[in-house]
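Data from model23.txt: compact mmCIF, C-alpha atoms
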# COMPACT_ATOMS: atom_id res chain seq x y z
CA MET A 1 69.43 85.80 232.85
CA VAL A 2 70.69 82.23 232.51
CA TYR A 3 73.31 82.94 229.84
CA LYS A 4 75.16 85.90 228.35
CA LYS A 5 73.44 87.63 225.43
CA ASP A 6 76.36 89.51 223.96
CA LYS A 7 77.06 90.62 220.39
CA GLN A 8 78.00 87.11 219.29
CA PHE A 9 74.73 85.66 220.57
CA TYR A 10 72.81 88.01 218.30
CA ARG A 11 75.09 87.16 215.37
CA PHE A 12 74.34 83.47 215.94
CA ALA A 13 70.66 84.39 216.12
CA LEU A 14 70.93 86.49 212.92
CA TYR A 15 72.44 83.51 211.11
CA GLY A 16 69.46 81.35 212.05
CA PHE A 17 66.94 84.06 211.20
CA LEU A 18 68.41 84.71 207.74
CA LYS A 19 69.06 81.03 207.02
CA ASN A 20 65.39 80.25 207.50
CA LEU A 21 64.23 82.90 205.05
CA ARG A 22 63.79 80.13 202.50
CA PHE A 23 60.76 81.57 200.77
CA PHE A 24 60.32 78.44 198.66
CA GLU A 25 59.98 76.10 201.64
CA PRO A 26 56.23 76.50 202.41
CA PHE A 27 55.47 75.87 198.72
CA LEU A 28 58.13 73.41 197.59
CA ILE A 29 55.89 70.40 196.95
CA LEU A 30 53.23 72.66 195.43
CA PHE A 31 55.92 74.18 193.19
CA PHE A 32 56.92 70.74 191.94
CA ARG A 33 53.28 69.70 191.49
CA GLU A 34 52.73 72.86 189.45
CA ARG A 35 55.56 71.65 187.21
CA GLY A 36 53.61 68.43 186.66
CA PHE A 37 55.79 66.12 188.77
CA SER A 38 54.31 63.04 190.45
CA PHE A 39 54.86 62.46 194.18
CA LEU A 40 57.33 59.73 193.24
CA GLU A 41 59.34 62.16 191.08
CA ILE A 42 59.27 64.70 193.91
CA GLY A 43 60.44 61.99 196.29
CA ALA A 44 63.23 61.13 193.85
CA LEU A 45 64.43 64.75 193.84
CA PHE A 46 64.36 64.83 197.64
CA SER A 47 66.24 61.52 197.70
CA ILE A 48 68.92 62.86 195.35
CA ARG A 49 69.33 65.87 197.63
CA GLU A 50 69.67 63.67 200.70
CA ILE A 51 72.06 61.18 199.06
CA ALA A 52 74.30 64.01 197.84
CA THR A 53 74.22 65.56 201.31
CA ASN A 54 75.00 62.17 202.80
CA ILE A 55 78.04 61.66 200.60
CA LEU A 56 79.39 65.11 201.41
CA GLU A 57 78.43 65.29 205.10
CA ILE A 58 81.37 63.66 206.90
CA PRO A 59 84.19 64.99 204.66
CA THR A 60 82.83 68.53 204.91
CA GLY A 61 82.65 68.24 208.71
CA VAL A 62 86.27 67.11 208.84
CA ILE A 63 87.27 69.88 206.41
CA ALA A 64 85.55 72.41 208.65
CA ASP A 65 87.45 71.14 211.70
CA ILE A 66 90.79 71.19 209.86
CA TYR A 67 90.67 74.20 207.54
CA GLY A 68 88.18 76.50 209.21
CA ARG A 69 84.50 76.65 209.96
CA ARG A 70 83.92 80.15 208.63
CA LYS A 71 85.17 79.21 205.16
CA SER A 72 82.87 76.20 205.16
CA MET A 73 79.87 78.32 206.08
CA VAL A 74 80.61 80.91 203.38
CA PHE A 75 80.93 78.16 200.76
CA SER A 76 77.62 76.77 202.00
CA MET A 77 75.82 80.06 201.33
CA LEU A 78 77.30 80.27 197.81
CA SER A 79 76.10 76.75 196.99
CA TYR A 80 72.58 77.60 198.11
CA ILE A 81 72.52 80.76 195.97
CA PHE A 82 73.55 78.90 192.80
CA SER A 83 70.88 76.27 193.41
CA PHE A 84 68.19 78.96 193.79
CA LEU A 85 69.22 80.46 190.45
CA ILE A 86 68.85 77.11 188.69
CA PHE A 87 65.41 76.48 190.18
CA TYR A 88 64.25 79.87 188.93
CA PHE A 89 65.71 79.88 185.42
CA PHE A 90 65.74 76.22 184.32
CA PRO A 91 62.41 74.40 185.00
CA ARG A 92 63.42 70.87 183.94
CA PHE A 93 63.50 67.71 186.04
CA PHE A 94 67.05 66.68 185.13
CA ILE A 95 68.43 70.18 185.58
CA TYR A 96 66.71 70.28 188.95
CA VAL A 97 68.90 67.30 189.86
CA ILE A 98 71.93 69.64 189.55
CA ALA A 99 70.15 72.23 191.68
CA MET A 100 69.46 69.60 194.33
CA VAL A 101 73.13 68.58 194.39
CA LEU A 102 74.19 72.21 194.85
CA PHE A 103 71.59 72.59 197.61
CA ALA A 104 72.98 69.41 199.21
CA MET A 105 76.46 70.90 199.11
CA GLY A 106 75.14 73.91 200.99
CA GLU A 107 73.52 71.64 203.57
CA ALA A 108 76.62 69.49 203.98
CA PHE A 109 78.96 72.42 204.63
CA ARG A 110 76.46 74.01 207.04
CA THR A 111 74.96 71.23 209.19
CA GLY A 112 77.04 70.44 212.21
CA THR A 113 79.54 73.21 211.47
CA HIS A 114 77.53 76.12 212.87
CA LYS A 115 76.47 74.10 215.91
CA ALA A 116 80.14 73.35 216.48
CA MET A 117 80.91 77.09 216.40
CA ILE A 118 78.22 77.75 219.00
CA LEU A 119 79.54 74.95 221.23
CA GLU A 120 83.10 76.25 220.77
CA TYR A 121 81.93 79.68 221.92
CA LEU A 122 80.24 78.15 224.99
CA ARG A 123 83.36 76.13 225.82
CA ILE A 124 85.63 79.18 225.59
CA ASN A 125 83.25 81.21 227.77
CA ASN A 126 82.70 78.44 230.34
CA MET A 127 78.98 78.13 229.56
CA LEU A 128 78.77 74.50 228.46
CA ASP A 129 76.31 73.85 231.29
CA LYS A 130 73.90 76.17 229.45
CA LYS A 131 73.94 74.26 226.16
CA VAL A 132 70.21 73.56 226.02
CA GLU A 133 69.22 77.10 227.03
CA TYR A 134 71.71 78.81 224.71
CA TYR A 135 71.09 76.66 221.63
CA GLY A 136 67.36 76.84 222.26
CA GLY A 137 67.64 80.64 222.42
CA THR A 138 69.45 80.92 219.09
CA ARG A 139 67.14 78.34 217.52
CA SER A 140 64.10 80.35 218.58
CA TRP A 141 65.35 83.11 216.25
CA SER A 142 65.59 80.56 213.45
CA GLN A 143 61.94 79.67 213.98
CA LEU A 144 61.02 83.35 214.12
CA GLY A 145 62.72 83.69 210.74
CA SER A 146 60.57 80.83 209.47
CA ALA A 147 57.45 82.61 210.73
CA PHE A 148 58.25 85.79 208.79
CA ASN A 149 59.39 83.62 205.90
CA SER A 150 55.87 82.19 205.63
CA LEU A 151 54.20 85.60 205.41
CA ILE A 152 56.72 86.99 202.93
CA ALA A 153 56.54 83.85 200.77
CA ALA A 154 52.73 83.97 200.78
CA ALA A 155 52.80 87.63 199.73
CA LEU A 156 55.26 86.85 196.92
CA VAL A 157 53.10 84.04 195.58
CA PHE A 158 49.88 86.02 195.98
CA TYR A 159 51.08 89.09 194.09
CA SER A 160 53.18 87.31 191.45
CA GLY A 161 50.73 84.48 190.82
CA SER A 162 53.69 82.10 190.55
CA TYR A 163 55.54 79.79 192.89
CA LYS A 164 58.94 80.18 191.20
CA VAL A 165 59.48 83.80 192.28
CA VAL A 166 60.25 82.60 195.82
CA PHE A 167 63.59 81.17 194.67
CA ILE A 168 65.01 84.40 193.25
CA ALA A 169 63.80 86.31 196.34
CA ALA A 170 65.59 83.89 198.68
CA ILE A 171 68.96 84.98 197.28
CA ILE A 172 68.79 88.32 199.12
CA PRO A 173 68.85 87.02 202.74
CA TYR A 174 71.45 84.41 201.80
CA ILE A 175 73.84 87.07 200.53
CA ALA A 176 73.31 88.96 203.80
CA ASN A 177 74.07 85.78 205.77
CA LEU A 178 77.22 85.19 203.73
CA VAL A 179 78.53 88.56 204.93
CA ASN A 180 77.48 87.81 208.53
CA LEU A 181 79.30 84.46 208.56
CA ALA A 182 82.44 85.72 206.80
CA THR A 183 82.96 88.26 209.60
CA TYR A 184 82.53 85.85 212.55
CA PRO A 185 85.41 86.04 215.09
CA LYS A 186 88.42 83.97 214.08
CA TYR A 187 88.57 82.09 217.39
CA LEU A 188 85.35 80.25 216.48
CA GLU A 189 87.25 78.39 213.76
CA GLY A 190 88.27 75.80 216.36
CA GLU A 191 91.73 74.47 217.07
CA GLY A 192 91.92 72.76 213.72
CA ALA A 193 91.99 76.05 211.82
CA SER A 194 95.55 76.81 212.85
CA LYS A 195 97.18 74.16 215.04
CA LYS A 196 95.62 70.77 214.85
CA LYS A 197 97.11 68.28 212.45
CA LYS A 198 94.95 66.21 210.14
CA ARG A 199 96.18 62.99 211.73
CA GLU A 200 94.99 64.07 215.19
CA THR A 201 91.60 65.20 213.88
CA LEU A 202 91.00 61.93 212.06
CA ARG A 203 92.12 59.92 215.11
CA ASP A 204 89.64 61.74 217.36
CA PHE A 205 86.97 61.33 214.71
CA VAL A 206 87.45 57.56 214.46
CA SER A 207 87.47 57.22 218.26
CA MET A 208 83.84 58.42 218.40
CA PHE A 209 82.70 55.11 216.98
CA ARG A 210 84.15 53.21 219.95
CA ASN A 211 81.73 55.02 222.25
CA LEU A 212 78.41 53.15 222.49
CA ALA A 213 76.68 56.14 224.09
CA THR A 214 77.64 58.30 221.11
CA ILE A 215 76.28 55.75 218.63
CA LYS A 216 72.98 55.39 220.48
CA ALA A 217 72.59 59.16 220.85
CA ILE A 218 73.24 59.77 217.16
CA LEU A 219 70.81 57.03 216.13
CA ASN A 220 68.00 58.36 218.31
CA THR A 221 68.25 62.00 217.25
CA SER A 222 68.99 61.39 213.56
CA ILE A 223 66.16 58.91 213.00
CA PHE A 224 63.60 61.20 214.65
CA ASP A 225 64.81 64.18 212.61
CA ALA A 226 64.84 62.14 209.39
CA PHE A 227 61.20 61.10 209.77
CA PHE A 228 60.22 64.66 210.66
CA LYS A 229 62.12 66.09 207.70
CA SER A 230 60.67 63.54 205.27
CA THR A 231 57.05 64.02 206.31
CA LYS A 232 56.75 67.70 207.21
CA GLU A 233 56.47 68.93 203.61
CA TYR A 234 53.29 66.86 203.15
CA LEU A 235 51.47 69.44 205.22
CA GLN A 236 51.45 71.54 202.02
CA PRO A 237 49.02 69.41 199.96
CA ILE A 238 46.85 69.05 203.07
CA LEU A 239 46.73 72.85 203.39
CA GLU A 240 45.99 73.17 199.68
CA SER A 241 43.08 70.75 199.99
CA PHE A 242 41.82 72.63 203.06
CA ALA A 243 42.12 76.03 201.33
CA LEU A 244 40.19 74.89 198.27
CA SER A 245 37.42 73.44 200.45
CA LEU A 246 36.77 76.72 202.29
CA PRO A 247 33.57 78.53 201.27
CA ILE A 248 35.38 81.89 201.30
CA MET A 249 37.69 83.86 198.99
CA LEU A 250 35.93 82.23 196.04
CA ALA A 251 36.72 85.20 193.78
CA LEU A 252 40.43 84.41 194.06
CA SER A 253 42.29 81.77 192.09
CA GLY A 254 43.05 78.45 193.79
CA GLN A 255 46.75 79.33 193.95
CA ARG A 256 46.10 82.66 195.69
CA ARG A 257 43.69 81.07 198.17
CA THR A 258 46.29 78.41 198.90
CA ALA A 259 48.98 81.07 199.34
CA ILE A 260 46.92 82.87 201.99
CA VAL A 261 46.14 79.70 203.97
CA VAL A 262 49.67 78.31 203.71
CA GLY A 263 51.22 81.62 204.74
CA LEU A 264 48.98 82.10 207.75
CA VAL A 265 49.23 78.50 209.00
CA TYR A 266 53.01 78.36 208.69
CA PHE A 267 53.28 81.77 210.36
CA VAL A 268 51.37 80.45 213.38
CA ILE A 269 53.37 77.21 213.37
CA TYR A 270 56.73 78.97 213.41
CA LEU A 271 55.71 81.51 216.02
CA LEU A 272 54.85 78.56 218.26
CA THR A 273 58.04 76.65 217.38
CA SER A 274 60.09 79.76 218.14
CA TYR A 275 58.55 79.85 221.60
CA ALA A 276 59.08 76.09 221.93
CA SER A 277 62.79 76.30 221.08
CA LYS A 278 63.29 79.12 223.56
CA ASN A 279 61.67 77.03 226.29
CA SER A 280 63.30 73.71 225.44
CA ALA A 281 65.43 73.75 228.59
CA ARG A 282 62.38 74.31 230.79
CA PHE A 283 60.64 71.46 228.97
CA SER A 284 63.61 69.11 229.45
CA LYS A 285 63.54 69.71 233.21
CA ARG A 286 60.12 68.08 233.37
CA PHE A 287 61.93 64.77 232.85
CA SER A 288 64.32 62.99 235.17
CA ASP A 289 67.12 63.28 232.58
CA LEU A 290 67.70 64.01 228.89
CA THR A 291 67.44 60.35 227.84
CA VAL A 292 63.89 60.10 229.16
CA ALA A 293 62.99 63.31 227.32
CA LEU A 294 64.41 61.93 224.07
CA ASN A 295 62.62 58.58 224.33
CA VAL A 296 59.23 60.05 225.27
CA THR A 297 59.30 62.72 222.56
CA TYR A 298 60.30 60.11 219.97
CA LEU A 299 57.22 58.03 220.85
CA VAL A 300 54.91 61.04 220.75
CA GLY A 301 56.37 62.18 217.41
CA ALA A 302 55.67 58.82 215.76
CA LEU A 303 52.08 58.86 217.05
CA LEU A 304 51.52 62.40 215.75
CA ILE A 305 52.58 61.38 212.23
CA ILE A 306 50.22 58.39 212.35
CA PHE A 307 47.31 60.51 213.58
CA ALA A 308 48.00 63.23 210.98
CA GLY A 309 47.85 60.58 208.26
CA LEU A 310 44.68 58.96 209.55
CA SER A 311 42.97 62.36 209.83
CA LYS A 312 43.81 63.17 206.21
CA LEU A 313 42.67 59.69 205.16
CA TYR A 314 39.22 60.45 206.57
CA ASN A 315 39.18 64.01 205.14
CA LEU A 316 39.56 65.63 208.56
CA GLU A 317 42.04 68.24 207.31
CA ILE A 318 41.70 70.50 210.34
CA LEU A 319 42.68 67.66 212.68
CA SER A 320 45.55 66.71 210.41
CA ILE A 321 46.83 70.31 210.46
CA ILE A 322 46.63 70.36 214.27
CA PHE A 323 48.63 67.12 214.52
CA PHE A 324 51.26 68.55 212.16
CA LEU A 325 51.39 71.76 214.20
CA SER A 326 52.00 69.65 217.32
CA LEU A 327 54.73 67.71 215.51
CA TYR A 328 56.54 70.94 214.57
CA ILE A 329 56.37 72.16 218.17
CA LEU A 330 57.60 68.82 219.49
CA HIS A 331 60.53 68.77 217.07
CA ASN A 332 61.66 72.20 218.24
CA LEU A 333 61.31 71.31 221.89
CA ARG A 334 63.35 68.18 221.23
CA ARG A 335 66.12 69.40 218.94
CA PRO A 336 68.13 71.47 221.48
CA ILE A 337 67.85 68.57 223.92
CA GLY A 338 69.19 66.19 221.28
CA VAL A 339 72.10 68.45 220.33
CA SER A 340 73.02 68.87 224.00
CA TYR A 341 72.89 65.13 224.67
CA VAL A 342 74.93 64.23 221.59
CA SER A 343 77.53 66.90 222.39
CA GLU A 344 78.11 65.33 225.82
CA THR A 345 79.46 62.21 224.13
CA ILE A 346 81.73 63.96 221.57
CA SER A 347 85.06 65.74 222.11
CA HIS A 348 84.95 69.47 221.41
CA LYS A 349 87.98 68.95 219.14
CA THR A 350 85.87 67.07 216.61
CA MET A 351 82.48 68.59 217.33
CA ALA A 352 81.79 69.59 213.70
CA SER A 353 82.77 66.12 212.52
CA GLY A 354 80.64 64.40 215.14
CA LEU A 355 77.55 66.51 214.53
CA SER A 356 78.08 65.98 210.81
CA VAL A 357 77.91 62.22 211.40
CA GLU A 358 74.52 62.75 213.02
CA SER A 359 73.37 64.86 210.07
CA GLN A 360 74.76 62.32 207.63
CA LEU A 361 72.77 59.51 209.17
CA LYS A 362 69.68 61.73 209.13
CA THR A 363 70.12 62.48 205.43
CA LEU A 364 70.80 58.81 204.61
CA ILE A 365 67.51 57.79 206.23
CA SER A 366 65.70 60.71 204.59
CA ALA A 367 67.10 59.64 201.22
CA GLY A 368 65.55 56.22 201.66
CA LEU A 369 62.27 57.55 203.03
CA ALA A 370 61.59 60.25 200.43
CA PRO A 371 60.80 57.99 197.42
CA VAL A 372 58.97 55.51 199.68
CA ILE A 373 56.67 58.26 200.98
CA GLY A 374 56.18 59.53 197.41
CA PHE A 375 55.36 56.03 196.13
CA PHE A 376 52.87 55.44 198.94
CA ALA A 377 51.31 58.89 198.34
CA ASP A 378 50.75 58.11 194.64
CA ARG A 379 49.20 54.72 195.52
CA PHE A 380 47.35 55.34 198.80
CA GLY A 381 47.09 59.12 199.01
CA VAL A 382 48.94 61.47 201.33
CA GLY A 383 47.02 60.27 204.39
CA GLY A 384 47.73 56.59 203.81
CA SER A 385 51.40 57.32 203.17
CA LEU A 386 51.83 59.29 206.40
CA SER A 387 50.08 56.58 208.43
CA LEU A 388 52.37 53.84 207.11
CA VAL A 389 55.53 55.89 207.63
CA GLY A 390 54.51 56.85 211.16
CA LEU A 391 54.05 53.17 211.96
CA MET A 392 57.54 52.43 210.63
CA MET A 393 58.97 55.13 212.90
CA LEU A 394 57.08 53.73 215.88
CA LEU A 395 58.49 50.24 215.35
CA LEU A 396 62.05 51.60 215.16
CA LEU A 397 61.74 52.95 218.72
CA LEU A 398 62.62 49.48 220.00
CA ALA A 399 66.05 49.81 218.40
CA VAL A 400 66.88 53.47 219.12
CA ARG A 401 65.95 53.96 222.77
CA VAL A 402 68.83 55.68 224.57
CA SER A 403 70.02 54.44 227.95
CA ARG A 404 70.00 56.53 231.11
CA LYS A 405 73.76 56.36 231.52
CA ALA A 406 75.75 58.38 229.01
CA VAL A 407 79.51 58.11 228.65
CA HIS A 408 80.99 61.61 228.84
CA VAL A 409 84.13 62.35 226.91
CA ALA A 410 87.00 64.40 228.22
CA GLU A 411 87.21 67.98 227.11
Just give me the structure of the file as structure tokens.
Amino acid sequence: MVYKKDKQFYRFALYGFLKNLRFFEPFLILFFRERGFSFLEIGALFSIREIATNILEIPTGVIADIYGRRKSMVFSMLSYIFSFLIFYFFPRFFIYVIAMVLFAMGEAFRTGTHKAMILEYLRINNMLDKKVEYYGGTRSWSQLGSAFNSLIAAALVFYSGSYKVVFIAAIIPYIANLVNLATYPKYLEGEGASKKKKRETLRDFVSMFRNLATIKAILNTSIFDAFFKSTKEYLQPILESFALSLPIMLALSGQRRTAIVVGLVYFVIYLLTSYASKNSARFSKRFSDLTVALNVTYLVGALLIIFAGLSKLYNLEILSIIFFLSLYILHNLRRPIGVSYVSETISHKTMASGLSVESQLKTLISAGLAPVIGFFADRFGVGGSLSLVGLMMLLLLLAVRVSRKAVHVAE
């Protein structure tokens, strides 16, 4: 056993499992399309969500470091729950803007903060050398949650005949996670919860931007994640097109056929990504160091998006699905490596703040990409849009390559 799997490990894992029971996620674009929204309108909603998250990201990270990470996580779960209620009860574009802002608030108080709690636990227990293995292990449970999420969501849509039911159902696991987070051990709050002054926190936070290695690391990981996040939902219309083209289940409605295909494909994807996350450390050891792993996986990720788009453009949906499946696996092999590399350049005292900077940059880029992808999809189709965006990502590699030498901060 390479790291200790005690009670807290399984509570970290439970958080990830429950957090990923977002039953709406496999059907989100299809839900909006059912409401009559264009891809540009959908992109606008995604952009609003990302901009709101971006605005809130850094202050919420600093608040978590100063006032307590558990409180931030509990508030995050409450924000999500209120957004789900609005999506279910008020099907209007402008009201959905409010729901997206509430969802963004949940994202902002969550991203970076929980990773900081995990890293705080590893620091206290002298296991920082196991960052990739440990985070990959907890993340594998998140992906397992996504796998079950796909089957449950498909069953909900199949039996209800409606996409909106997934939002009200998602409230149940989020209430359970609220209880889980509220009862985390107090020592995971970090020093800022009881002793650290605001002035010291802000000073350490500002000092991060004097570290070139930190800047390069954050750019590399956030840009990759932003492109993945902005394109991954477009697997849904590809799956819908594939489901409707199958010469089977013809007695079922198009929505029910789509639900079955979407549920099964996402279930397979997340089973594989769960395995990928768990084996991220083994994967990283195939490279001479973490920087090589990050640069190579960035290149491969951009190519997979391009190939997925080209396959859809030529009506090769099966190939497009395979390329997307590979992209999901790659992202989950890469993410623990990226978190580990970024954490090596940030002081543990401001870990939530630093990881929130990374998330903020990711959401800022996603905010810009979402309407662009939607606009391209309305004009050139989903395949053409993905191809163009993948090419953009590929060109950015010249600017975001990380160097082999990282500057390590003092603990």
Exercise. Using only C-alpha atoms, which residue out of A:Ile329, A:Ile238, A:Ala370, A:Ala259 lies closest to A:Leu313?
Worked result: A:Ile238
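Taking all atoms listed in the file, the non-local environment of stretch 270-274 of chain A within 6 Å (same-chain residues fewer than 6 positions away omitted) comprises Ser140, Gln143, Leu144, Ser146, Ala147, Ile329 and Asn332 of chain A.
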For this session: Have a look at A:Ser277, A:Gln8, A:Ser320, A:Thr214 and name the one nearest to A:Ser387; count all atoms listed in the file.
Result: A:Ser320
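Atom CA of A:Phe27 is positioned 7.0 Å from atom CA of A:Tyr163.
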Seminar exercise, completed: Atom pair atom CA of A:Phe167 + atom CA of A:Phe31, distance 10.5 Å
Exercise. Between A:His114, A:Arg256, A:Arg282, A:Arg70, which is the closest to A:Phe158 once you count all atoms listed in the file?
Worked result: A:Arg256
Exercise. Skipping near chain neighbours, those fewer than 3 positions away, what residues fall within 12 Å of A:Ile172 using all atoms listed in the file, listed as number ranges by chain?
Worked result: A: 18-19, 21-23, 77-78, 80-81, 84-85, 166-169, 175-179
Exercise. Mind pulling up the distance from atom CA of A:Tyr96 to atom CA of A:Asn149?
Worked result: 22.8 Å
Exercise. If we count only C-alpha atoms, what is near A:Glu50 at a cut-off of 9 Å, once residues fewer than 6 positions away on the same chain are taken out, given as a list of chain:residue names?
Worked result: A:Met100, A:Val101, A:Ala104, A:Gln360, A:Lys362, A:Thr363, A:Leu364, A:Ile365, A:Ser366, A:Ala367, A:Gly368, A:Ala370
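The smallest atom-to-atom distance between A:Gly338 and any of A:Ala154, A:Leu369, A:Ile218, A:Val62, using all atoms listed in the file, is found for A:Ile218.
Taking only C-alpha atoms, the non-local environment of A:Val292 within 10 Å (same-chain residues fewer than 4 positions away omitted) comprises A:Ser284, A:Arg286, A:Phe287, A:Ser288, A:Val296, A:Thr297, A:Tyr298, A:Arg401, A:Val402, A:Ser403, A:Arg404.
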Selection from above, C-alpha atoms, as a tab-separated table (two decimals), in the coordinates of the input, can you write it?
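Contents of the output file part-v3.tsv:
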chain	number	residue	atom	x	y	z
A	284	SER	CA	63.61	69.11	229.45
A	286	ARG	CA	60.12	68.08	233.37
A	287	PHE	CA	61.93	64.77	232.85
A	288	SER	CA	64.32	62.99	235.17
A	296	VAL	CA	59.23	60.05	225.27
A	297	THR	CA	59.30	62.72	222.56
A	298	TYR	CA	60.30	60.11	219.97
A	401	ARG	CA	65.95	53.96	222.77
A	402	VAL	CA	68.83	55.68	224.57
A	403	SER	CA	70.02	54.44	227.95
A	404	ARG	CA	70.00	56.53	231.11
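With distances restricted to all atoms listed in the file, A:Thr291 is the closest residue to A:Lys216 from A:Ile171, A:Thr291, A:Tyr15, A:Tyr10.
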For this session: Give the answer as one residue: which of A:Leu250, A:Ile322, A:Val389, A:Tyr174 has the shortest atom-to-atom distance to A:Phe17, using all atoms listed in the file?
Result: A:Tyr174
Exercise: residues within 12 Å of coordinate (36.9, 72.3, 200.2), counting all atoms listed in the file, as a short mmCIF file (atom, residue, chain, number, x, y, z; two decimals) with C-alpha atoms, keeping the file's coordinate frame:
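The resulting selection-v7.cif:
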data_model
loop_
_atom_site.label_atom_id
_atom_site.label_comp_id
_atom_site.auth_asym_id
_atom_site.auth_seq_id
_atom_site.Cartn_x
_atom_site.Cartn_y
_atom_site.Cartn_z
CA ILE A 238 46.85 69.05 203.07
CA LEU A 239 46.73 72.85 203.39
CA GLU A 240 45.99 73.17 199.68
CA SER A 241 43.08 70.75 199.99
CA PHE A 242 41.82 72.63 203.06
CA ALA A 243 42.12 76.03 201.33
CA LEU A 244 40.19 74.89 198.27
CA SER A 245 37.42 73.44 200.45
CA LEU A 246 36.77 76.72 202.29
CA PRO A 247 33.57 78.53 201.27
CA ILE A 248 35.38 81.89 201.30
CA MET A 249 37.69 83.86 198.99
CA LEU A 250 35.93 82.23 196.04
CA GLY A 254 43.05 78.45 193.79
CA ARG A 257 43.69 81.07 198.17
CA THR A 258 46.29 78.41 198.90
CA ASN A 315 39.18 64.01 205.14
CA LEU A 316 39.56 65.63 208.56
CA GLU A 317 42.04 68.24 207.31
CA ILE A 318 41.70 70.50 210.34
#
For this session: Compile the contact shell of A:Lys312 as a list in words: residues with an atom at most 9 Å away, counting all atoms listed in the file, same-chain residues fewer than 6 positions apart removed.
Result: Ile238, Ile318, Leu319, Ser320, Ile321, Gly381, Val382, Gly383, Gly384 and Leu386 of chain A
Produce a table with one row for each residue of stretch 76-187 of chain A that has an atom at most 12 Å from any atom of stretch 33-44 of chain A, each row naming the nearest atom pair and its distance in Å at one decimal; use all atoms listed in the file; arrange rows by chain and rising residue number; format as a Markdown table.
| residue | atom | partner | partner_atom | distance |
| --- | --- | --- | --- | --- |
| A:Phe87 | CA | A:Arg35 | CA | 11.4 |
| A:Phe90 | CA | A:Arg35 | CA | 11.5 |
| A:Pro91 | CA | A:Arg35 | CA | 7.7 |
| A:Arg92 | CA | A:Arg35 | CA | 8.5 |
| A:Phe93 | CA | A:Phe37 | CA | 8.3 |
| A:Phe94 | CA | A:Glu41 | CA | 10.7 |
| A:Tyr96 | CA | A:Ile42 | CA | 10.5 |
| A:Val97 | CA | A:Ala44 | CA | 9.3 |
| A:Met100 | CA | A:Ala44 | CA | 10.5 |
| A:Gly161 | CA | A:Glu34 | CA | 11.9 |
| A:Ser162 | CA | A:Glu34 | CA | 9.4 |
| A:Tyr163 | CA | A:Glu34 | CA | 8.2 |
| A:Lys164 | CA | A:Glu34 | CA | 9.8 |
